[in-house]
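J.: Pasting a structure below so you can have a look.
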Amino acid sequence: MKTRMSPMAKKEELYFYLFISPWIIGFLVFTAGPILASLFFSFCNYDVVTPPNWIGLQNYKRLFSDPLFWQSLKVTSYFSLISVPLGIILSLIIALLLNQNIKGLTWFRTIYYMPSVISGVAVALLWMWIFNPEFGILNFLLWELFRIHGPAWLMSEEWVVPALIIMSFWGIGGDIVIYLAGLQGIPTELYEAAEIDGANSFNKFLNITIPMMSPVLLFTLIMGIIGSFQVFTQAYVMTRGGPHYASLFYVLYIYQNAFQFFSMGYASALSWILFIIILALTFMIFKSSPLWVYYESTRER
Amino acid sequence: MHLLQGKRRREILVKSFVYVVLIVTSIVILIPIFWMLSTSLKEDSEVYLFPPEWIPKRFYFSNFNRALTFIPFGRYFINTSVITFATMIGSLLSSSIVAYGFARLRARGRDLLFMIVLSTMMIPSQITMIPVFVLFKLLNWTDTFKPLIIPNFFGEAFFIFLLRQFYMTIPIELDDAAKIDGCSYLGIFSRIILPLTKPALATVAIFSFMWSWNDFMGPLIYLNSREKLTLSLALSRFTGMYGMTAWNLLMAASLVVALPCFILFFFAQRYFIQGIVVTGLKG
C-alpha cells in the first residue's frame, strides 16, 4: 500500500537530503568509491605512473606465498591478542578503584588520561628513549627495583612486540574514562537490593557490574581490536618493522608496498584482506554478544 | 560493638589499598612524562650518565632554543596550524549540519543511512587510502595541504554521531514553535540548535584539533617538500638528522610539539571527557 506524502513531509524529506548531502558526497567519493576502486586495483598490477593492468588473482596468490605477509599478520595478531584484552582488564580495574568514592577523583582521572593527549610521533620518540637498553629509564628501574637485567627491547626480535604492548598500556586513559562513566551510571538500588539478599562484593561484581557494563565492554573491545590492527606510527617511527621483521605490523607492510615499492595493486590486495579480517572479527564478536552482553530491553529473555 | 569495629577496620584497610594502587599506577603513568621533561633539560653529556639522574644538575633551557632552530620550526608550526584550523572549520561546519538532518528531519531511508554512517566508523582507513591517494594525485594535489584538509568538509562519522546525540536532547517543541513562527529549517538550525549545543561543538573542535595536530600517516603520504612538512613529520625525521644521539634536544622538540595539546587538555578537560563518554556509552 502506498501512502501519499503531504507537501510538508515532502519538503522535510527534501531538506533532509539537502542537509546530509555533504556526507553523501563524501561517502561516495572518499569511502564507497575508493573501497570499490581498491577491490579493482587488487586484481591489477599498478604503480600509479602507468595505467593499472588486469592480472586476475595473481596478487592474492602471491600473498599466500609471501612470508612477509604471514609475518605481518603474526606480529599484528600477537600484539592485538595481548594488548587489547589486557588493556581492557587494566582499565576496568582502575575504573573500579576510582569508583570507590575516593577523594581526588578528578586528579586521578586527569593523570590517567594525560598520555592519551600526546599521541603519535612525540610518544613514539619518548618511548624509544625509555626503552633504550643502556641509558633508558625502564632498564634502570628494572635493575634498581628488581635486580633484573632488562632486555634490549626495541633491538631484540623477541622483546620488540612486548615493548610495544607495554607502551600501549600508557594510552588506556580513554577506556578508563568510559568505564568510570559507565560504572557511575549503574543504579545504586541494584547494589542495595543485592546487599539485602546477602550478596558479597564478588557476587555483586559478577552479577551486577559485569552485566551492566557489558555493552560498554563490547564497544571498547571492538574499537580496541580495530585500532590494534591499524598500528602504524609506533612501528614506522620506532623500529621500521625491525629487527629482522619482528615488528612488521600489517599496516606498515601495506604502507611499504604502496608508497615505498609502489606496488599499489599488491598493497590493495593486502588492504582488502585487512578489511575482511576486521569485518570478520567484528561480525564474530557481535554474533557472540547475545551470550555475554546484557541489554535492558531484552531483560525478559 | 566488636563486630562493628572489625567491619570499620576492614573498610579502612580496603580504602587504603585502593589509594595505594591508584597512587602507584599514577606515578607509573607520570614517570615517562617526567623523564621527558628531565631529559629535555639535561646537558648533552649528562644524557648518557649511568645511573641516570632524575633531576639534572643544571637546567639547560637553551636546549629548547637549539632544538627549535635546528629545524625550521616556525615554518612547520605554521603549516601544522593551517592544516589543523582548516580541518577544524571543515569538521564543525559539515558534521553539525549533517547531524542536524539526522537528528531532526524525517525522511524515508534516514535510519538506513544513519546505520551506514555508524558502520563507516569501523572501516579501516587503509582500505580507502590507496584509491584516495590516486585521486589526489590525478588532481595534482599531492605535496599540498589539500588532501589533508578537503576531506574534512564532508562530515566525519564520529562527529556526526556525537552531535546527533546532543541534538536529540533538545526538546523538539522548540523546533515546532519556531516552525509555526515561520522559521526555515536552516533558521532553526542556526538560531536554536547551534546556540544550544555549544559544548558539543567545543568537543568536536577539540577532537578535530587533536587528531589533525597529531596526524602522522596523512602528512607522511602526501607531503614531500622540506618546507611543507608538519611538526609530526619533522619530528620523525629529526631522529635521522641528529643521528639518534641528542636525546635532550629530541625530547625538548617533542615536548614543544605536544604542548598545545597539553594546554588544550588542561583548559578544556570537561569537553574531552564528555566526548569520550558520549561515544563510549551510547555507541
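Ordering of the C-alpha cells sets the chain letters (A, B, ...); residue numbers start at 1 within each chain; ligands are numbered from 1 in the order shown.
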Might you pull out every residue within 12 Å of Pro199 (chain B), with only C-alpha atoms counted and same-chain residues fewer than 6 positions away left off, and present them as a PDB file with C-alpha atoms, in the first residue's frame?
T.:
ATOM      1  CA  LEU B 162      28.352  12.772  18.712  1.00  0.00           C
ATOM      2  CA  LEU B 163      26.457  15.888  17.634  1.00  0.00           C
ATOM      3  CA  PHE B 166      23.402  16.120  21.706  1.00  0.00           C
ATOM      4  CA  TYR B 167      20.788  17.473  19.315  1.00  0.00           C
ATOM      5  CA  ILE B 193      20.155  24.142  17.679  1.00  0.00           C
ATOM      6  CA  ALA B 205      36.521  21.221  17.713  1.00  0.00           C
ATOM      7  CA  ILE B 206      38.884  19.775  20.316  1.00  0.00           C
ATOM      8  CA  ALA B 268      39.025  22.131  28.266  1.00  0.00           C
ATOM      9  CA  GLN B 269      39.193  18.839  30.098  1.00  0.00           C
ATOM     10  CA  ARG B 270      35.464  18.612  30.571  1.00  0.00           C
ATOM     11  CA  TYR B 271      34.859  18.595  26.811  1.00  0.00           C
ATOM     12  CA  PHE B 272      37.346  15.777  26.359  1.00  0.00           C
ATOM     13  CA  ILE B 273      35.633  13.690  28.997  1.00  0.00           C
ATOM     14  CA  GLN B 274      32.222  14.489  27.573  1.00  0.00           C
ATOM     15  CA  GLY B 275      33.235  13.451  24.076  1.00  0.00           C
TER      16      GLY B 275
END
J.: Just want the 6 Å neighbourhood of Asp47 (chain A), counted on only C-alpha atoms, with same-chain residues fewer than 6 positions away dropped. Output as number ranges by chain.
T.: A: 262-264
J.: For a quick test of understanding: name the residues of chain B lying within 6 Å of chain A when counting only C-alpha atoms, and present them as a PyMOL selection string.
T.: chain B and resi 18+97-98+101+105+107+127-128+131+154-155+214+232+254+258+277+280-281
J.: For the structure I just gave you, how does DSSP split region 13-57 of chain B - specifically, which residues are alpha helix (DSSP H)? Reply as a PDB file with N, CA and C atoms, in the first residue's frame.
T.:
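What follows is the written file out.pdb:
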ATOM      1  N   LEU B  13      41.066  -0.538  55.727  1.00  0.00           N
ATOM      2  CA  LEU B  13      42.123  -1.302  55.074  1.00  0.00           C
ATOM      3  C   LEU B  13      41.906  -1.339  53.562  1.00  0.00           C
ATOM      4  N   VAL B  14      40.650  -1.610  53.163  1.00  0.00           N
ATOM      5  CA  VAL B  14      40.318  -1.674  51.735  1.00  0.00           C
ATOM      6  C   VAL B  14      40.569  -0.323  51.082  1.00  0.00           C
ATOM      7  N   LYS B  15      40.119   0.719  51.768  1.00  0.00           N
ATOM      8  CA  LYS B  15      40.266   2.070  51.238  1.00  0.00           C
ATOM      9  C   LYS B  15      41.748   2.422  51.049  1.00  0.00           C
ATOM     10  N   SER B  16      42.560   2.078  52.037  1.00  0.00           N
ATOM     11  CA  SER B  16      43.993   2.382  51.924  1.00  0.00           C
ATOM     12  C   SER B  16      44.600   1.630  50.747  1.00  0.00           C
ATOM     13  N   PHE B  17      44.176   0.381  50.589  1.00  0.00           N
ATOM     14  CA  PHE B  17      44.674  -0.420  49.481  1.00  0.00           C
ATOM     15  C   PHE B  17      44.329   0.261  48.147  1.00  0.00           C
ATOM     16  N   VAL B  18      43.073   0.730  48.052  1.00  0.00           N
ATOM     17  CA  VAL B  18      42.629   1.409  46.827  1.00  0.00           C
ATOM     18  C   VAL B  18      43.524   2.613  46.540  1.00  0.00           C
ATOM     19  N   TYR B  19      43.785   3.420  47.575  1.00  0.00           N
ATOM     20  CA  TYR B  19      44.616   4.612  47.375  1.00  0.00           C
ATOM     21  C   TYR B  19      46.029   4.238  46.966  1.00  0.00           C
ATOM     22  N   VAL B  20      46.575   3.221  47.609  1.00  0.00           N
ATOM     23  CA  VAL B  20      47.954   2.828  47.286  1.00  0.00           C
ATOM     24  C   VAL B  20      48.049   2.430  45.817  1.00  0.00           C
ATOM     25  N   VAL B  21      47.122   1.589  45.371  1.00  0.00           N
ATOM     26  CA  VAL B  21      47.164   1.138  43.977  1.00  0.00           C
ATOM     27  C   VAL B  21      47.026   2.332  43.032  1.00  0.00           C
ATOM     28  N   LEU B  22      46.073   3.216  43.340  1.00  0.00           N
ATOM     29  CA  LEU B  22      45.846   4.360  42.453  1.00  0.00           C
ATOM     30  C   LEU B  22      47.065   5.282  42.402  1.00  0.00           C
ATOM     31  N   ILE B  23      47.689   5.486  43.552  1.00  0.00           N
ATOM     32  CA  ILE B  23      48.840   6.388  43.581  1.00  0.00           C
ATOM     33  C   ILE B  23      50.026   5.761  42.853  1.00  0.00           C
ATOM     34  N   VAL B  24      50.241   4.480  43.096  1.00  0.00           N
ATOM     35  CA  VAL B  24      51.370   3.824  42.417  1.00  0.00           C
ATOM     36  C   VAL B  24      51.170   3.840  40.902  1.00  0.00           C
ATOM     37  N   THR B  25      49.964   3.493  40.445  1.00  0.00           N
ATOM     38  CA  THR B  25      49.748   3.495  38.986  1.00  0.00           C
ATOM     39  C   THR B  25      49.859   4.916  38.426  1.00  0.00           C
ATOM     40  N   SER B  26      49.420   5.897  39.181  1.00  0.00           N
ATOM     41  CA  SER B  26      49.559   7.284  38.708  1.00  0.00           C
ATOM     42  C   SER B  26      51.025   7.649  38.542  1.00  0.00           C
ATOM     43  N   ILE B  27      51.844   7.213  39.496  1.00  0.00           N
ATOM     44  CA  ILE B  27      53.281   7.508  39.391  1.00  0.00           C
ATOM     45  C   ILE B  27      53.855   6.827  38.150  1.00  0.00           C
ATOM     46  N   VAL B  28      53.460   5.566  37.947  1.00  0.00           N
ATOM     47  CA  VAL B  28      53.948   4.845  36.765  1.00  0.00           C
ATOM     48  C   VAL B  28      53.566   5.598  35.487  1.00  0.00           C
ATOM     49  N   ILE B  29      52.335   6.117  35.461  1.00  0.00           N
ATOM     50  CA  ILE B  29      51.868   6.866  34.279  1.00  0.00           C
ATOM     51  C   ILE B  29      52.680   8.154  34.110  1.00  0.00           C
ATOM     52  N   LEU B  30      53.027   8.774  35.230  1.00  0.00           N
ATOM     53  CA  LEU B  30      53.687  10.081  35.154  1.00  0.00           C
ATOM     54  C   LEU B  30      55.193   9.995  34.891  1.00  0.00           C
ATOM     55  N   ILE B  31      55.804   8.856  35.231  1.00  0.00           N
ATOM     56  CA  ILE B  31      57.261   8.754  35.068  1.00  0.00           C
ATOM     57  C   ILE B  31      57.725   9.106  33.650  1.00  0.00           C
ATOM     58  N   PRO B  32      57.078   8.516  32.599  1.00  0.00           N
ATOM     59  CA  PRO B  32      57.553   8.874  31.249  1.00  0.00           C
ATOM     60  C   PRO B  32      57.501  10.381  30.971  1.00  0.00           C
ATOM     61  N   ILE B  33      56.442  11.044  31.425  1.00  0.00           N
ATOM     62  CA  ILE B  33      56.335  12.483  31.162  1.00  0.00           C
ATOM     63  C   ILE B  33      57.428  13.230  31.927  1.00  0.00           C
ATOM     64  N   PHE B  34      57.659  12.800  33.143  1.00  0.00           N
ATOM     65  CA  PHE B  34      58.707  13.418  33.955  1.00  0.00           C
ATOM     66  C   PHE B  34      60.075  13.198  33.318  1.00  0.00           C
ATOM     67  N   TRP B  35      60.281  12.006  32.843  1.00  0.00           N
ATOM     68  CA  TRP B  35      61.535  11.612  32.203  1.00  0.00           C
ATOM     69  C   TRP B  35      61.786  12.426  30.934  1.00  0.00           C
ATOM     70  N   MET B  36      60.712  12.707  30.231  1.00  0.00           N
ATOM     71  CA  MET B  36      60.771  13.524  29.025  1.00  0.00           C
ATOM     72  C   MET B  36      61.238  14.936  29.389  1.00  0.00           C
ATOM     73  N   LEU B  37      60.611  15.488  30.397  1.00  0.00           N
ATOM     74  CA  LEU B  37      60.931  16.844  30.844  1.00  0.00           C
ATOM     75  C   LEU B  37      62.368  16.905  31.357  1.00  0.00           C
ATOM     76  N   SER B  38      62.716  15.923  32.189  1.00  0.00           N
ATOM     77  CA  SER B  38      64.045  15.899  32.790  1.00  0.00           C
ATOM     78  C   SER B  38      65.126  15.784  31.711  1.00  0.00           C
ATOM     79  N   THR B  39      64.917  14.872  30.759  1.00  0.00           N
ATOM     80  CA  THR B  39      65.912  14.704  29.686  1.00  0.00           C
ATOM     81  C   THR B  39      66.068  15.980  28.878  1.00  0.00           C
ATOM     82  N   SER B  40      64.929  16.654  28.625  1.00  0.00           N
ATOM     83  CA  SER B  40      64.973  17.832  27.753  1.00  0.00           C
ATOM     84  C   SER B  40      65.805  18.960  28.366  1.00  0.00           C
TER      85      SER B  40
END
J.: So that I can see what lies close to Ser83 (chain A), please list as a PyMOL selection string the residues with an atom at most 10 Å from it, counting only C-alpha atoms and leaving out residues fewer than 5 positions away in the same chain.
T.: chain A and resi 77-78+88-89+161-162+164-169+224-225+228
J.: From a DSSP pass on the backbone, collect the residues of region 28-175 of chain A flagged as strand (DSSP E or B) and hand them back as a list in words.
T.: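 These are the residues in question: Cys44, Asn45, Asn53 and Trp54 of chain A.
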J.: Could those selected residues go to a file with C-alpha atoms, as a PDB file, in the first residue's frame?
T.:
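After the write, out.pdb holds the following:
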ATOM      1  CA  CYS A  44      45.779  -5.328 -11.130  1.00  0.00           C
ATOM      2  CA  ASN A  45      49.418  -4.572 -11.470  1.00  0.00           C
ATOM      3  CA  ASN A  53      46.743  -3.662 -15.866  1.00  0.00           C
ATOM      4  CA  TRP A  54      44.484  -6.587 -15.000  1.00  0.00           C
TER       5      TRP A  54
END
J.: For Tyr294 (chain A), which residue among A:Ser214, A:Trp153, A:Leu248, A:Leu73 is the nearest when counting only C-alpha atoms?
T.: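 Nearest candidate to Tyr294 (chain A) out of A:Ser214, A:Trp153, A:Leu248, A:Leu73: A:Ser214.
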J.: Give me, please, the distance in Å between CA of Pro147 (chain B) and CA of Leu231 (chain B), quoted to one decimal.
T.: 16.9 Å
J.: With distances taken over only C-alpha atoms, which of A:Ala199, A:Ile93, A:Ile210, A:Leu68 is nearest to Ile172 (chain A)?
T.: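 Counting only C-alpha atoms, the residue closest to Ile172 (chain A) is A:Ile93.
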J.: Fewer than 3 positions away in the same chain doesn't count, so skip those; otherwise give me all residues within 9 Å of Phe133 (chain B), counting only C-alpha atoms, as an MDAnalysis selection string.
T.: chainID B and resid 128:130 136:138 142 147 221:222
J.: For Val256 (chain B), work out the shell of residues within 10 Å, counting only C-alpha atoms and skipping chain neighbours fewer than 2 positions away, then give it as a count of residues only.
T.: 14
J.: Near Thr80 (chain B), within 7 Å and counting only C-alpha atoms, which residues show up once chain neighbours fewer than 2 positions away are dropped, as a list in words?
T.: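 Skipping anything fewer than 2 positions along the chain leaves Tyr76, Phe77, Ile78, Val82, Ile83, Thr84, Trp213, Thr230 and Leu231 of chain B.
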J.: Considering only C-alpha atoms, state which residue in the set A:Phe283, A:Pro211, A:Glu158, A:Tyr266 is at the smallest distance from Pro52 (chain A).
T.: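 The shortest atom-to-atom distance to Pro52 (chain A) comes from A:Tyr266.
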J.: Using only C-alpha atoms, which residues sit within 10 Å of region 189-198 of chain A once same-chain residues fewer than 4 positions away are excluded, as a list in words?
T.: Asn203, Lys204, Phe205, Asn207, Ile208 and Thr209 of chain A
J.: Go through B:Asn224, B:Thr144, B:Ser91, B:Thr279 and flag the residue nearest Leu201 (chain B), using only C-alpha atoms for the distances.
T.: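 Ranked by minimum distance to Leu201 (chain B), first place goes to B:Ser91.
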